[in-house]
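Written below as structure tokens is the structure these notes are about.
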Amino acid sequence: MDSHKNLQPGGYDSRNTFISSSRGPPEPDFGESDEAELVSVSWNQDYSCFAAGTSHGFRIYNCQPFKETFRRELKDGGFKIVEMLFRSNILALVGGGPNSQYPSNKVLIWDDHQSRCISEFSFRSEIRAVKLRRDRIVVVLEHKIYVYNFLDLRLLHQIENLANPRGLCCLSHHMNTSVLACPGIRRGQVRVEHFGLNMVQIINAHDSNIACMTMTLDGLLLATASTKGTLIRIFNTMDGTRLQEVRRGVDRADIYSIALSPNVQWLAVSSDKGTVHIFSLRVRVIREDANSTEHETSSNSLQSLVSPASGANPGVLPKYFSSEWSFSQFHVPEVSQYFAAFGAQNTIAIIGMDGSFYRCNFDPVNGGEMTQLEHSRFLNS
């Protein structure tokens with residue numbers, strides 16, 4: 001039986017599973033440590049910061065301007081999952097990496113203002129991912145997803161899915177939409193939970209298993225790639241319709257990241273082929289909220305529309321709708337995993353498991369090769 005609790009000196013939870021903060025690994029004791037190895041990197045929800053899990057703790061970085069915001073170092077191991085909650089003091093931590101004393105089946109909710117764990121969740125199997133929004137904690141295991149209420153840690157939903165070793169799961173982050181997307185129970189299928197509407201939408205996205213997915217902040221548009229890695233598809237999560245399909249290439253590839261720009265005009269994809277691609281999107285949306293900011297997606301009306309094919313890349317005929325090629329590219333070394341996200345004013349930020357940070361600019365009119373604006377080795381900074 002899996003368990004969760006607010007941290008007390010020790011005790012029983014409601015399902016009689018004993019968990020104690022004094023048993024097993026200690027609460028993290030952050031201090032100085034030896035040279036750190038990179039274990040994981042992950043963006044926060046609006047891509048303004050990223051977290052680096054290391055063999056000796058974690059570090060938080062701001063993207064523009066690029067700088068290390070703070071770090072927490074410890075002697076007895078590091079974290080394979082460091083999930084931020086926007087720019088708040090709350091983080092979800094899961095142990096991992098070389099010689100970590102923190103188990104991979106326990107989530108620690110860390111309050112950095114108080115410098116202590118405020119709650120923890122223990123499971124019988126390895127945690128694949130943790131996703132946070134301001135009112136929810138979502139824990140992803142290989143075959144099951146648990147959704148908890150943030151305030152009282154009450155279990156709200158359990159979702160069964162096909163084997164999900166990558167821990168794929170996306171959440172919406174507008175307070176007026178509560179949407180979760182994850183792999184379904186069949187190969188190539190995505191399950192979209194519209195919790196606020198009490199509705200489930202099943203999308204048969206690909207023939208192969210899902211390898212990567214992302215949603216707009218409002219949860220109304222979904223982009224997916226399969227383990228084949230040649231096509232990226234964009235769907236309306238309300239009715240499951242496919243709005244657009246773009247082609248990364250013809251050779252099989254392992255897709256590492258998919259990102260949608262805040263205005264839903266562009267899509268960025270990184271893979272093991274060493275190229276970050278940007279695609280021009282033809283998804284156009286009627287905006288109902290004139291006050292919505294640039295950092296809210298412009299898909300917040302439910303009437304997602306696809307503009308005529310004349311809006312596609314120059315030289316691409318409408319009949320090739322299903323294989324639109326990338327508009328702009330940036331090349332990175334093939335030896336590492338890279339994860340791309342959109343910044344302000346036609347820029348892309350890229351973080352790599354080799355400890356690299358890139359910031360690039362793309363030409364929104366002519367496309368082509370991106371211009372590198374910045375490159376840092378963040379682990380050594």
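Please note that chains go A, B, ... in the order of the structure tokens, that every chain numbers its residues from 1, and that ligands are numbered from 1 in the order shown.
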9 Å contact set for Arg87 of chain A, only C-alpha atoms, chain neighbours under 4 positions out, as a ChimeraX atom specification = /A:44-45,48-49
Please identify all polymer residues within 8 Å of Val332 of chain A, counting only C-alpha atoms, omitting same-chain residues fewer than 5 positions from it, and present them as JSON, numbers by chain.
-> {"A": [274, 275, 276]}
Selection file, C-alpha atoms, as a PDB file, in the first residue's frame:
ATOM      1  CA  GLY A 274      21.602  16.687 -32.555  1.00  0.00           C
ATOM      2  CA  THR A 275      19.212  19.246 -34.063  1.00  0.00           C
ATOM      3  CA  VAL A 276      16.638  21.431 -32.343  1.00  0.00           C
TER       4      VAL A 276
END
Using only C-alpha atoms, find each residue of segment 77-194 of chain A with at least one atom at most 12 Å away from an atom of segment 242-259 of chain A; report its shortest atom-to-atom pair and that distance in Å (one decimal), sort the rows by chain and rising residue number, and return the result as JSON lines.
{"residue": "A:Arg166", "atom": "CA", "partner": "A:Tyr256", "partner_atom": "CA", "distance": 10.4}
{"residue": "A:Leu168", "atom": "CA", "partner": "A:Ser257", "partner_atom": "CA", "distance": 11.1}
{"residue": "A:Cys170", "atom": "CA", "partner": "A:Ile258", "partner_atom": "CA", "distance": 11.6}
Go ahead and save the residues from that selection, with all heavy atoms, as a PDB file, in the first residue's frame.
ATOM      1  N   ARG A 166       9.024   6.386 -18.989  1.00  0.00           N
ATOM      2  CA  ARG A 166       9.531   7.763 -19.095  1.00  0.00           C
ATOM      3  C   ARG A 166       8.812   8.717 -18.147  1.00  0.00           C
ATOM      4  O   ARG A 166       9.189   9.886 -18.052  1.00  0.00           O
ATOM      5  CB  ARG A 166       9.378   8.271 -20.536  1.00  0.00           C
ATOM      6  CG  ARG A 166      10.198   7.497 -21.562  1.00  0.00           C
ATOM      7  CD  ARG A 166       9.869   7.989 -22.970  1.00  0.00           C
ATOM      8  NE  ARG A 166      10.507   7.164 -23.993  1.00  0.00           N
ATOM      9  CZ  ARG A 166      11.352   7.632 -24.913  1.00  0.00           C
ATOM     10  NH1 ARG A 166      11.649   8.909 -24.934  1.00  0.00           N
ATOM     11  NH2 ARG A 166      11.871   6.831 -25.807  1.00  0.00           N
ATOM     12  N   LEU A 168       5.747   9.954 -18.467  1.00  0.00           N
ATOM     13  CA  LEU A 168       5.082  10.998 -19.254  1.00  0.00           C
ATOM     14  C   LEU A 168       3.790  11.436 -18.575  1.00  0.00           C
ATOM     15  O   LEU A 168       2.949  10.621 -18.214  1.00  0.00           O
ATOM     16  CB  LEU A 168       4.771  10.492 -20.664  1.00  0.00           C
ATOM     17  CG  LEU A 168       5.970  10.008 -21.492  1.00  0.00           C
ATOM     18  CD1 LEU A 168       5.500   9.498 -22.838  1.00  0.00           C
ATOM     19  CD2 LEU A 168       6.992  11.117 -21.660  1.00  0.00           C
ATOM     20  N   CYS A 170       1.420  15.464 -18.370  1.00  0.00           N
ATOM     21  CA  CYS A 170       1.371  16.932 -18.487  1.00  0.00           C
ATOM     22  C   CYS A 170       0.186  17.448 -17.705  1.00  0.00           C
ATOM     23  O   CYS A 170      -0.864  16.808 -17.675  1.00  0.00           O
ATOM     24  CB  CYS A 170       1.168  17.399 -19.922  1.00  0.00           C
ATOM     25  SG  CYS A 170       2.089  16.578 -21.170  1.00  0.00           S
TER      26      CYS A 170
END
What's the 9 Å shell around segment 349-358 of chain A, counting only C-alpha atoms, without same-chain residues fewer than 5 positions away, as a ChimeraX atom specification?
-> /A:38-43,47,50,52,63,66,276,335-343,372-380
Which one is closest to Phe330 of chain A: A:Ser280, A:Val365, A:Gly229, A:Ser270? Count only C-alpha atoms.
->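 Among the listed residues, the smallest separation from Phe330 of chain A belongs to A:Ser270.
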Using backbone DSSP assignments, extract all strand (DSSP E or B) residues from segment 116-145 of chain A; output them as a PyMOL selection string.
-> chain A and resi 116-122+129-133+136-140+144-145
For the selection just defined, write its residues with C-alpha atoms to a file, as an mmCIF file, in the first residue's frame.
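selection-v1.cif written:
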data_model
loop_
_atom_site.group_PDB
_atom_site.id
_atom_site.type_symbol
_atom_site.label_atom_id
_atom_site.label_comp_id
_atom_site.auth_asym_id
_atom_site.auth_seq_id
_atom_site.Cartn_x
_atom_site.Cartn_y
_atom_site.Cartn_z
ATOM 1 C CA ARG A 116 12.615 21.409 5.704
ATOM 2 C CA CYS A 117 10.369 18.731 4.229
ATOM 3 C CA ILE A 118 6.720 19.601 4.763
ATOM 4 C CA SER A 119 5.331 16.276 3.519
ATOM 5 C CA GLU A 120 6.343 12.984 1.913
ATOM 6 C CA PHE A 121 4.791 10.235 -0.190
ATOM 7 C CA SER A 122 6.048 6.633 -0.194
ATOM 8 C CA ALA A 129 7.972 11.646 -12.425
ATOM 9 C CA VAL A 130 6.366 14.223 -10.158
ATOM 10 C CA LYS A 131 4.279 17.112 -11.527
ATOM 11 C CA LEU A 132 3.119 20.070 -9.476
ATOM 12 C CA ARG A 133 0.490 22.736 -9.918
ATOM 13 C CA ARG A 136 -2.265 19.463 -7.028
ATOM 14 C CA ILE A 137 0.625 17.025 -6.568
ATOM 15 C CA VAL A 138 0.814 14.320 -9.245
ATOM 16 C CA VAL A 139 3.055 11.269 -8.757
ATOM 17 C CA VAL A 140 3.754 9.091 -11.797
ATOM 18 C CA LYS A 144 -0.252 4.223 -12.283
ATOM 19 C CA ILE A 145 -0.673 7.941 -11.638
#
Leaving out segment 233-236 of chain A and any residue of its chain fewer than 4 positions from it, which residues lie within 9 Å of it when counting only C-alpha atoms, given as a list in words?
->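 In the requested format, the answer is Ile203, Ala205, His206, Leu220, Leu221, Leu222, Ala223, Thr224, Ala225, Gly240, Thr241, Arg242, Leu243, Gln244, Glu245, Val246, Arg247, Val283, Leu302 and Ser304 of chain A.
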Counting only C-alpha atoms, what is within 10 Å of Ile185 of chain A, bar same-chain residues fewer than 5 positions away, as a PyMOL selection string?
-> chain A and resi 143+159-163+190-191+202
May I have the residues within 7 Å of Thr347 of chain A as a VMD selection string, using only C-alpha atoms and disregarding those fewer than 5 positions away in the same chain?
-> chain A and resid 342 359 to 362
Tell me, in Å to one decimal, how far atom CA of Gly95 of chain A is from atom CA of Glu126 of chain A.
->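 Value for the atom CA of Gly95 of chain A-atom CA of Glu126 of chain A distance: 10.1 Å.
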Tell me, as a list in words, which residues lie within 12 Å of Leu197 of chain A, counting only C-alpha atoms; anything in the same chain fewer than 6 positions away does not count.
->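 The contact residues come out as Asn176, Thr177, Ser178, Val179, Leu180 and Met238 of chain A.
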Expressed in Å to a single decimal, how great is the separation between atom CA of His157 of chain A and atom CA of Phe195 of chain A?
->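 Spanning atom CA of His157 of chain A to atom CA of Phe195 of chain A is a straight-line distance of 9.6 Å.
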